[in-house]
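As provided, final.cif (mmCIF, C-alpha atoms) reads as follows.
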```cif
data_coords
#
loop_
_atom_site.label_atom_id
_atom_site.label_comp_id
_atom_site.auth_asym_id
_atom_site.auth_seq_id
_atom_site.Cartn_x
_atom_site.Cartn_y
_atom_site.Cartn_z
CA MET A 1 75.58 186.06 192.61
CA GLN A 2 78.51 183.89 193.49
CA GLY A 3 77.93 181.03 191.10
CA GLN A 4 76.99 178.16 193.39
CA GLN A 5 75.16 180.07 196.12
CA SER A 6 71.46 180.79 195.93
CA SER A 7 70.23 184.07 197.36
CA THR A 8 66.97 184.33 199.24
CA ARG A 9 65.38 185.73 196.10
CA ASP A 10 66.56 182.72 194.08
CA ILE A 11 65.08 180.37 196.66
CA VAL A 12 61.77 182.22 196.46
CA TYR A 13 61.76 181.95 192.65
CA ILE A 14 62.58 178.25 192.89
CA ALA A 15 59.82 177.61 195.42
CA LEU A 16 57.31 179.65 193.43
CA PHE A 17 57.93 177.80 190.20
CA ALA A 18 57.72 174.48 192.00
CA GLY A 19 54.35 175.71 193.28
CA LEU A 20 53.38 176.91 189.81
CA THR A 21 54.11 173.49 188.32
CA ALA A 22 51.89 172.00 191.02
CA ALA A 23 49.12 174.52 190.31
CA LEU A 24 49.19 173.68 186.60
CA SER A 25 47.88 170.23 187.49
CA LEU A 26 44.62 171.94 188.44
CA PHE A 27 43.86 173.03 184.89
CA PRO A 28 41.63 170.40 183.34
CA PRO A 29 43.36 168.35 180.65
CA ILE A 30 42.43 169.22 177.07
CA THR A 31 41.69 166.27 174.82
CA ILE A 32 42.71 166.54 171.20
CA PRO A 33 39.80 165.05 169.24
CA ALA A 34 41.89 163.49 166.45
CA ILE A 35 43.99 161.23 168.67
CA GLY A 36 42.01 161.15 171.90
CA VAL A 37 45.01 161.62 174.19
CA PRO A 38 44.40 163.93 177.12
CA ILE A 39 46.96 166.70 177.40
CA SER A 40 47.70 168.02 180.85
CA ALA A 41 48.93 171.57 181.31
CA GLN A 42 51.47 170.41 183.85
CA SER A 43 54.40 169.83 181.53
CA LEU A 44 54.28 173.56 180.84
CA GLY A 45 55.96 173.76 184.26
CA PRO A 46 59.48 172.73 183.20
CA MET A 47 59.24 174.82 180.02
CA LEU A 48 58.20 177.94 181.94
CA ALA A 49 60.71 177.42 184.75
CA GLY A 50 63.59 176.98 182.32
CA SER A 51 62.63 179.76 179.93
CA ILE A 52 61.86 182.31 182.64
CA LEU A 53 64.28 181.46 185.47
CA GLY A 54 67.20 180.08 183.47
CA ALA A 55 69.09 176.80 183.82
CA ARG A 56 70.14 176.70 187.46
CA ARG A 57 67.03 178.07 189.12
CA GLY A 58 64.70 176.39 186.61
CA GLY A 59 66.30 173.00 187.15
CA LEU A 60 66.24 173.45 190.92
CA ALA A 61 62.57 174.50 190.81
CA LEU A 62 61.67 171.24 189.09
CA LEU A 63 63.97 169.28 191.40
CA LEU A 64 62.07 170.78 194.32
CA PHE A 65 58.77 169.88 192.67
CA VAL A 66 59.97 166.30 192.19
CA GLY A 67 61.07 166.27 195.83
CA LEU A 68 57.61 167.41 196.94
CA VAL A 69 55.99 164.67 194.87
CA ALA A 70 58.43 162.15 196.33
CA VAL A 71 57.53 163.04 199.91
CA GLY A 72 53.96 162.20 199.07
CA LEU A 73 52.09 165.34 198.06
CA PRO A 74 49.47 164.62 195.37
CA LEU A 75 50.73 167.29 192.99
CA LEU A 76 50.84 165.47 189.68
CA SER A 77 47.88 165.80 187.35
CA GLY A 78 45.11 163.47 188.41
CA GLY A 79 46.16 163.86 192.04
CA ARG A 80 49.03 161.40 191.81
CA GLY A 81 52.04 161.62 194.07
CA GLY A 82 54.28 159.67 196.41
CA LEU A 83 57.36 157.62 195.81
CA GLY A 84 55.35 155.09 193.82
CA VAL A 85 55.05 157.26 190.71
CA PHE A 86 58.80 157.08 190.14
CA PHE A 87 58.66 153.32 189.84
CA GLY A 88 55.69 153.45 187.46
CA PRO A 89 55.92 153.50 183.67
CA SER A 90 56.00 157.29 183.39
CA GLY A 91 58.50 157.88 186.19
CA GLY A 92 61.24 158.84 183.75
CA TYR A 93 59.28 161.79 182.46
CA ILE A 94 58.89 163.20 185.94
CA ILE A 95 62.61 162.96 186.69
CA GLY A 96 63.30 164.09 183.12
CA TRP A 97 61.48 167.36 183.82
CA VAL A 98 64.43 168.45 185.94
CA VAL A 99 66.84 167.90 183.06
CA ALA A 100 64.41 169.41 180.55
CA ALA A 101 64.04 172.60 182.61
CA TYR A 102 67.82 172.84 182.94
CA VAL A 103 68.43 172.37 179.21
CA ILE A 104 65.68 174.84 178.26
CA GLY A 105 67.21 177.30 180.72
CA LEU A 106 70.70 176.89 179.25
CA LEU A 107 69.40 177.48 175.74
CA HIS A 108 67.41 180.55 176.78
CA GLU A 109 70.42 182.03 178.59
CA TRP A 110 72.51 181.39 175.49
CA GLY A 111 70.03 183.01 173.11
CA TRP A 112 68.69 185.61 175.55
CA ARG A 113 69.59 188.80 173.69
CA ARG A 114 67.92 187.75 170.45
CA LEU A 115 65.08 185.79 172.05
CA ASN A 116 61.82 185.72 170.08
CA VAL A 117 58.84 183.41 169.93
CA VAL A 118 60.41 181.21 167.27
CA SER A 119 63.75 180.70 168.99
CA SER A 120 62.08 180.21 172.37
CA PHE A 121 59.77 177.63 170.78
CA ILE A 122 62.75 175.77 169.31
CA TYR A 123 64.53 175.76 172.69
CA CYS A 124 61.42 174.38 174.38
CA VAL A 125 61.08 171.66 171.76
CA ILE A 126 64.71 170.64 172.22
CA GLY A 127 64.41 170.46 176.01
CA ALA A 128 60.86 169.28 176.57
CA ILE A 129 60.53 166.94 173.62
CA ILE A 130 63.91 165.70 172.40
CA VAL A 131 65.73 165.54 175.73
CA LEU A 132 62.68 164.67 177.83
CA TYR A 133 61.39 161.90 175.57
CA ALA A 134 64.86 160.38 175.36
CA ILE A 135 64.86 160.03 179.15
CA GLY A 136 61.18 159.09 179.45
CA ILE A 137 61.19 156.47 176.70
CA THR A 138 64.35 154.83 178.00
CA TRP A 139 62.85 154.61 181.48
CA THR A 140 59.48 153.26 180.31
CA SER A 141 61.13 150.69 178.12
CA PHE A 142 63.27 149.58 181.08
CA VAL A 143 60.37 149.43 183.55
CA VAL A 144 57.91 147.58 181.31
CA ASP A 145 60.47 145.53 179.35
CA LEU A 146 59.23 146.79 176.00
CA SER A 147 61.63 147.49 173.14
CA LEU A 148 62.76 151.10 172.75
CA LEU A 149 61.17 151.37 169.32
CA LYS A 150 57.75 150.15 170.42
CA THR A 151 57.83 152.41 173.48
CA ALA A 152 58.79 155.33 171.29
CA MET A 153 55.89 154.63 168.97
CA ALA A 154 53.42 154.54 171.85
CA SER A 155 54.89 157.74 173.32
CA SER A 156 54.72 159.62 170.03
CA LEU A 157 51.00 160.14 170.63
CA PHE A 158 51.90 162.77 173.20
CA VAL A 159 54.25 164.75 170.97
CA ILE A 160 51.49 166.85 169.40
CA GLY A 161 50.38 168.07 172.81
CA ASP A 162 53.92 168.94 173.79
CA VAL A 163 54.48 170.87 170.56
CA ILE A 164 51.40 172.94 171.37
CA LYS A 165 52.64 173.48 174.91
CA ALA A 166 56.06 174.54 173.62
CA GLY A 167 54.28 177.20 171.56
CA VAL A 168 52.32 178.39 174.60
CA ALA A 169 55.47 178.45 176.75
CA ALA A 170 57.37 180.40 174.08
CA ALA A 171 54.63 183.02 173.83
CA ILE A 172 54.61 183.40 177.63
CA ALA A 173 58.41 183.44 177.94
CA VAL A 174 58.72 186.23 175.40
CA SER A 175 56.05 188.41 176.98
CA VAL A 176 57.51 187.81 180.43
CA LYS A 177 60.93 188.79 179.09
CA ARG A 178 59.43 192.13 178.10
CA SER A 179 57.86 192.89 181.48
CA TYR A 180 59.86 190.87 184.05
CA PRO A 181 63.26 189.89 182.63
CA ILE A 182 64.86 187.59 185.19
CA ILE A 183 67.55 185.68 183.30
CA GLN A 184 69.26 188.87 182.11
CA LYS A 185 70.14 190.10 185.57
CA THR A 186 72.37 187.16 186.34
CA ALA A 187 73.23 185.40 183.09
CA VAL A 188 74.54 188.38 181.15
CA ALA A 189 77.60 189.41 183.05
CA MET B 1 45.42 165.32 201.43
CA THR B 2 45.22 161.74 200.29
CA ARG B 3 46.13 160.03 203.49
CA PRO B 4 43.54 159.09 206.06
CA ARG B 5 43.71 160.95 209.35
CA ASP B 6 45.14 158.13 211.38
CA PRO B 7 47.63 158.83 214.15
CA PHE B 8 51.09 158.45 212.74
CA ALA B 9 52.45 156.59 215.72
CA SER B 10 49.96 153.73 215.55
CA THR B 11 52.08 150.84 214.28
CA LEU B 12 55.71 149.79 214.28
CA ILE B 13 55.97 150.62 210.59
CA HIS B 14 54.73 154.14 211.26
CA ARG B 15 57.27 154.61 214.02
CA LEU B 16 60.35 153.48 212.08
CA PRO B 17 62.67 156.38 211.19
CA ALA B 18 61.96 157.89 207.78
CA GLY B 19 65.57 157.50 206.66
CA LEU B 20 65.51 153.77 207.43
CA LYS B 21 62.30 153.29 205.47
CA LEU B 22 63.72 155.13 202.49
CA GLY B 23 66.87 153.00 202.68
CA VAL B 24 64.89 149.75 202.82
CA LEU B 25 62.77 150.93 199.89
CA ALA B 26 65.87 151.65 197.81
CA VAL B 27 67.40 148.24 198.55
CA ALA B 28 64.16 146.27 198.11
CA GLY B 29 63.22 148.24 195.00
CA THR B 30 66.56 147.49 193.37
CA GLY B 31 66.32 143.83 194.45
CA VAL B 32 62.91 143.32 192.82
CA LEU B 33 64.29 144.61 189.51
CA TYR B 34 66.64 141.61 189.41
CA LEU B 35 63.91 139.02 189.94
CA ASP B 36 62.65 137.41 186.73
CA ASP B 37 60.44 134.58 187.92
CA TRP B 38 56.86 135.80 188.29
CA ARG B 39 56.31 133.50 191.29
CA LEU B 40 59.11 135.17 193.23
CA ILE B 41 57.75 138.60 192.35
CA ALA B 42 54.27 137.47 193.39
CA LEU B 43 55.82 136.47 196.70
CA ALA B 44 57.32 139.98 197.03
CA MET B 45 53.85 141.34 196.30
CA VAL B 46 52.32 139.17 199.04
CA VAL B 47 54.98 140.35 201.51
CA THR B 48 54.23 143.96 200.57
CA LEU B 49 50.50 143.44 201.08
CA ALA B 50 51.23 141.78 204.43
CA LEU B 51 53.16 144.92 205.39
CA TYR B 52 50.09 146.99 204.50
CA ARG B 53 48.04 144.89 206.93
CA PHE B 54 50.79 145.17 209.48
CA ALA B 55 50.60 148.96 209.14
CA GLY B 56 46.85 148.82 209.75
CA LEU B 57 45.96 149.70 206.15
CA SER B 58 43.13 147.98 204.32
CA MET B 59 43.48 146.12 201.03
CA ARG B 60 41.23 148.77 199.55
CA GLN B 61 43.79 151.40 200.39
CA ALA B 62 46.42 149.28 198.67
CA TYR B 63 44.21 149.04 195.60
CA LEU B 64 43.66 152.81 195.57
CA GLN B 65 47.43 153.30 195.17
CA LEU B 66 47.39 151.23 191.99
CA LYS B 67 44.12 152.56 190.63
CA PRO B 68 45.59 155.45 188.59
CA MET B 69 47.69 153.01 186.56
CA GLN B 70 45.38 149.99 186.44
CA TRP B 71 44.51 150.33 182.75
CA ILE B 72 48.12 150.79 181.69
CA LEU B 73 49.02 147.66 183.65
CA ALA B 74 46.14 145.68 182.15
CA LEU B 75 47.08 146.76 178.63
CA LEU B 76 50.70 145.95 179.28
CA PHE B 77 49.79 142.48 180.58
CA VAL B 78 47.78 141.60 177.49
CA ALA B 79 50.33 143.05 175.07
CA GLN B 80 53.32 141.37 176.68
CA GLY B 81 51.37 138.14 177.10
CA PHE B 82 50.86 137.85 173.37
CA MET B 83 54.31 139.13 172.41
CA LEU B 84 56.46 137.31 174.96
CA SER B 85 54.81 134.83 177.30
CA TRP B 86 52.16 135.00 180.00
CA GLY B 87 54.74 134.25 182.67
CA MET B 88 56.87 137.20 181.55
CA ALA B 89 53.82 139.42 181.31
CA ALA B 90 52.82 138.51 184.86
CA ALA B 91 56.37 139.15 186.07
CA ILE B 92 56.52 142.62 184.51
CA VAL B 93 53.12 143.77 185.71
CA LEU B 94 53.56 142.33 189.20
CA ARG B 95 56.97 143.94 189.48
CA VAL B 96 55.66 147.42 188.69
CA ALA B 97 52.69 146.90 191.03
CA ALA B 98 54.88 145.63 193.89
CA LEU B 99 57.36 148.50 193.55
CA VAL B 100 54.62 151.12 193.45
CA LEU B 101 52.86 149.56 196.45
CA LEU B 102 56.04 149.38 198.51
CA ALA B 103 56.94 152.98 197.72
CA MET B 104 53.44 154.15 198.55
CA LEU B 105 53.61 152.27 201.85
CA VAL B 106 56.55 154.46 202.85
CA THR B 107 54.63 157.55 201.80
CA LEU B 108 51.46 156.48 203.62
CA THR B 109 53.17 155.64 206.90
CA THR B 110 55.56 158.59 207.14
CA ARG B 111 54.81 162.21 207.89
CA THR B 112 55.73 164.66 205.17
CA ASP B 113 57.83 166.72 207.56
CA ALA B 114 59.73 163.60 208.67
CA LEU B 115 60.53 162.81 205.04
CA ILE B 116 61.67 166.40 204.42
CA ALA B 117 63.85 166.21 207.52
CA ALA B 118 65.33 162.93 206.25
CA VAL B 119 66.05 164.60 202.90
CA GLU B 120 67.70 167.52 204.69
CA ARG B 121 69.86 165.15 206.72
CA ALA B 122 70.78 163.09 203.66
CA LEU B 123 71.97 166.28 201.97
CA GLY B 124 74.41 167.01 204.79
CA PRO B 125 77.43 165.38 203.11
CA LEU B 126 76.74 167.43 199.96
CA ARG B 127 77.51 170.64 201.83
CA ARG B 128 81.05 170.67 200.50
CA PHE B 129 79.65 170.82 196.96
CA GLY B 130 77.77 174.00 197.79
CA VAL B 131 74.48 172.43 198.86
CA ASN B 132 73.10 174.14 201.94
CA PRO B 133 70.58 171.83 203.67
CA ALA B 134 69.00 174.73 205.55
CA LYS B 135 68.26 176.48 202.27
CA VAL B 136 66.79 173.29 200.85
CA GLY B 137 64.57 173.12 203.92
CA LEU B 138 63.55 176.73 203.40
CA ALA B 139 62.70 176.02 199.75
CA PHE B 140 60.58 173.02 200.76
CA SER B 141 58.60 174.90 203.35
CA LEU B 142 58.13 177.94 201.09
CA ALA B 143 56.82 175.72 198.29
CA LEU B 144 54.44 173.99 200.71
CA ARG B 145 53.06 177.41 201.60
CA PHE B 146 52.91 178.65 197.98
CA ILE B 147 51.06 175.67 196.50
CA PRO B 148 47.62 176.53 197.94
CA VAL B 149 48.14 180.24 197.21
CA ILE B 150 49.06 179.70 193.57
CA GLY B 151 46.34 177.08 193.28
CA ALA B 152 43.73 179.58 194.46
CA GLN B 153 45.03 182.16 191.98
CA ALA B 154 44.87 179.62 189.17
CA GLN B 155 41.24 178.99 190.06
CA GLU B 156 40.51 182.72 190.16
CA ILE B 157 42.11 183.33 186.76
CA ARG B 158 40.21 180.44 185.25
CA ASP B 159 36.91 181.84 186.43
CA ALA B 160 37.77 185.34 185.22
CA GLN B 161 38.83 184.14 181.77
CA ARG B 162 35.78 181.94 181.44
CA ALA B 163 33.63 185.00 182.07
CA ARG B 164 35.46 186.73 179.22
CA GLY B 165 35.00 183.72 176.95
CA LEU B 166 38.70 182.86 177.06
CA GLY B 167 38.29 179.71 179.13
CA ALA B 168 39.91 177.48 176.53
CA ASN B 169 42.81 179.75 175.63
CA PRO B 170 45.89 178.33 177.36
CA ILE B 171 47.92 181.53 177.02
CA ALA B 172 45.14 183.60 178.57
CA LEU B 173 45.15 181.18 181.49
CA ALA B 174 48.87 180.64 182.05
CA LEU B 175 50.34 184.09 181.33
CA PRO B 176 48.47 185.97 184.09
CA LEU B 177 49.28 183.12 186.47
CA VAL B 178 53.00 183.42 185.71
CA LEU B 179 52.95 187.22 186.03
CA ARG B 180 51.14 187.09 189.36
CA THR B 181 53.61 184.47 190.58
CA LEU B 182 56.57 186.66 189.63
CA ARG B 183 55.02 189.70 191.30
CA MET B 184 54.60 187.66 194.45
CA ALA B 185 58.29 186.67 194.32
CA SER B 186 59.72 190.09 195.03
CA ASP B 187 57.32 190.74 197.91
CA VAL B 188 58.10 187.43 199.56
CA ALA B 189 61.86 187.78 199.06
CA ASP B 190 61.81 191.26 200.60
CA ALA B 191 59.78 190.00 203.54
CA ILE B 192 62.17 187.12 204.22
CA GLU B 193 65.24 189.28 203.91
CA ALA B 194 63.77 191.89 206.23
CA ARG B 195 63.00 189.33 208.91
CA SER B 196 65.78 186.79 208.69
CA PRO B 197 68.67 187.07 211.11
CA TYR B 198 71.22 186.05 208.51
CA ASP B 199 72.24 187.64 205.24
CA ASP B 200 71.97 186.40 201.67
CA ASP B 201 75.08 184.36 201.21
CA GLU B 202 75.70 183.71 204.85
CA LEU B 203 74.83 180.47 206.54
CA PRO B 204 72.25 180.31 209.30
CA PRO B 205 73.75 180.52 212.82
CA ARG B 206 73.97 176.79 213.51
CA PHE B 207 76.21 176.30 210.47
CA VAL B 208 78.21 179.48 211.05
CA GLU B 209 79.32 178.21 214.44
CA LYS B 210 80.73 175.07 212.88
CA ALA B 211 82.46 177.06 210.18
CA LYS B 212 84.07 179.37 212.71
CA SER B 213 85.38 176.50 214.79
CA THR B 214 87.18 175.06 211.78
CA GLN B 215 88.78 178.42 210.97
CA SER B 216 87.31 178.55 207.51
CA ARG B 217 87.95 181.46 205.16
CA THR B 218 84.45 182.87 205.22
CA THR B 219 85.60 186.22 206.63
CA CYS B 220 87.65 187.08 203.53
CA LYS B 221 84.77 188.89 201.85
CA ASP B 222 86.20 192.40 202.12
CA ASN B 223 83.31 194.75 202.71
CA LYS B 224 81.16 192.32 204.61
CA ALA B 225 83.51 191.47 207.43
CA PRO B 226 83.39 194.84 209.26
CA LEU B 227 79.60 194.89 208.92
CA GLU B 228 79.36 191.54 210.59
CA THR B 229 81.55 192.43 213.53
CA SER B 230 79.77 195.71 214.12
CA SER B 231 76.36 194.07 214.16
CA THR B 232 77.24 191.30 216.59
#
```
Could I get this file's structure written as C-alpha cells?
Amino acid sequence: MQGQQSSTRDIVYIALFAGLTAALSLFPPITIPAIGVPISAQSLGPMLAGSILGARRGGLALLLFVGLVAVGLPLLSGGRGGLGVFFGPSGGYIIGWVVAAYVIGLLHEWGWRRLNVVSSFIYCVIGAIIVLYAIGITWTSFVVDLSLLKTAMASSLFVIGDVIKAGVAAAIAVSVKRSYPIIQKTAVA
Amino acid sequence: MTRPRDPFASTLIHRLPAGLKLGVLAVAGTGVLYLDDWRLIALAMVVTLALYRFAGLSMRQAYLQLKPMQWILALLFVAQGFMLSWGMAAAIVLRVAALVLLAMLVTLTTRTDALIAAVERALGPLRRFGVNPAKVGLAFSLALRFIPVIGAQAQEIRDAQRARGLGANPIALALPLVLRTLRMASDVADAIEARSPYDDDELPPRFVEKAKSTQSRTTCKDNKAPLETSST
C-alpha cells in the first residue's frame, strides 16, 4: 500500500461495506419496550466498517454509501434516500456516519494488537455515540432551530439502542479479527 | 426503485445537465437557509411545487417525498409554535419541507448514472490530492451490483436463523452476513485484477496518456517499469 492509493482489493472492500450498510436497512427495526423507540440495524454499518476495515477504508465505505443515498437510491432504513434526507432533521447523522466510521477505524488500528470485546466496545461508543451525536445534534439543532440542549435531550432516547449496537459490533469485530484479520495487514507496518 | 417509470427526457427539467441541477440546488438550498419570514419561505415552497408540475410530477408525488418525516414536522410545528411563535414555527417547518422537496426534485428528474457521472466529473480537480475519479466510478458501480447480492444474503440468513430460533439475535444475524461479505471480497478482487487491463496502482489508460504527455514521474517505480515496457 502506498498510503493514499487504493488497490483494487481496497475498492472491493469499500464497495462491499457500502453494500452491507445498505443491506442492514432490510433487517426489521427492533423496538425497545421501555422507551418505544424503534432501533434500526443500519447504524451497525459504520461501526462494522470502521472496526473491520480500519479508518481509511471504513470511512470511504460510508462515504460511498452516503454518495449512493445522495444520488437517489432508497437505501436508508424505511426506504428513504435522495438528496432530500440531508436537508432533513437527521441529515447530520447520515453525514456523521462517515466521520464515525473513520474514528472507530483509527481507534481499532491503534488498539489492534490488544483488541478484545471490551476495548472494541469502547471504541465503538466513542465513534458512534460521542462523535456521531455531536455532529448529529448540532445539525438537527441548526436545521430545526431548537436549542442544543433540548435537541440533545430528545436525541438521548436513541443512545440505549446505539449502546446495544456497539456491543453487537464489538462482538462481531473481535470474531472477525480471529478469522479474517484485515486491519493488521496494512496498519501494522 | 422509488421513481415512476417515466421517460427521463420528457420535460426541460429532466433534460437539464445533472451538474447544473446540483449547482442550482446548492445555491437555492443555501439561500433558503437565510430567509426568516415564513411568507417568503412559503413562496419558495410554491415555486418548488410549481417546478414539480413543470416536471410533470403530481402533487401526490411531492407529498410522498415528505411523508417519511411528516410526523416529525408536525411535532416540530406544535412545539416551536408554543415555545417561540407560530410564524417562526411555520418558517422552520416550511423551510425543511421546501429544501427536502427541492432536493428530491433533482433526484426524481435525474438518472442515477447521470448523477454518478456528475460526481465523477466534479472530483476531477481533486486528482492532485490522490483522488482517482475512475476508481470512484468503479466503487460506485461495484456497490450498485453488490447491494442486491448482499440484500439477498441478508434475507437468506434471516430465514435460516429464524428456523433455528435465533431470529431475534442480532449477532447471529449480522456475523454470518459480515463473514460472507468478506469471503466475497477476495473472489471479486481476484476476478477484477485478472480481467482488468491496468494494474493495482496504475491509472486506467485514459489517465495514463495524460500523465505521459506531462512527463510525470510515474515511471520511477523500479521493478515495475521494465514490466510495463515489456508488456506493451
> Where does the PyMOL selection byres ((chain A) within 7 of (chain B)) land in this file, that is, which residues does it pick, as JSON, numbers by chain?
Replying inline: {"A": [4, 5, 7, 8, 9, 11, 12, 13, 15, 16, 18, 19, 20, 22, 23, 64, 71, 72, 82, 83, 84, 85, 87, 88, 144, 168, 172]}
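Taken over the whole file, the PyMOL selection byres ((chain A and resi 171) around 9) covers exactly Asn116, Val117, Val118, Ser120, Phe121, Ala166, Gly167, Val168, Ala169, Ala170, Ile172, Ala173, Val174, Ser175 and Val176 of chain A; Ile171 and Leu175 of chain B.
Straight-line separation from CA of Ile122 in chain A to CA of Gly67 in chain A: 28.2 Å.
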> If you apply the PyMOL selection byres ((chain A and resi 129) around 9) to this file, what residues do you get, as a VMD selection string?
Replying inline: chain A and resid 100 124 to 128 130 to 134 159 162 to 163 166
> Quick one, how far is CA of Thr11 in chain B from CA of Gln61 in chain B?
Replying inline: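 Separation of CA of Thr11 in chain B and CA of Gln61 in chain B: 16.2 Å.
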> A:Phe86, A:Phe142, A:Tyr123, A:Phe17: which is nearest Arg57 in chain A, counting all atoms listed in the file?
Replying inline: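 Comparing A:Phe86, A:Phe142, A:Tyr123, A:Phe17 against Arg57 in chain A, the winner is A:Phe17.
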>> As an exercise, work out the distance from CA of Tyr93 in chain A to CA of Ser141 in chain A in Å and give it to one decimal place.
In response: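 Separation of CA of Tyr93 in chain A and CA of Ser141 in chain A: 12.1 Å.
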> Around (54.6, 140.1, 191.3) in the file's frame, which residues reach within 7 Å when counting only C-alpha atoms? Return as a ChimeraX atom specification?
Replying inline: /B:38-45,90-91,93-95,98
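Comparing A:Tyr102, A:Tyr180, A:Trp97, A:Trp139 by their smallest distance to Val66 in chain A, the closest is A:Trp97 (using all atoms listed in the file).
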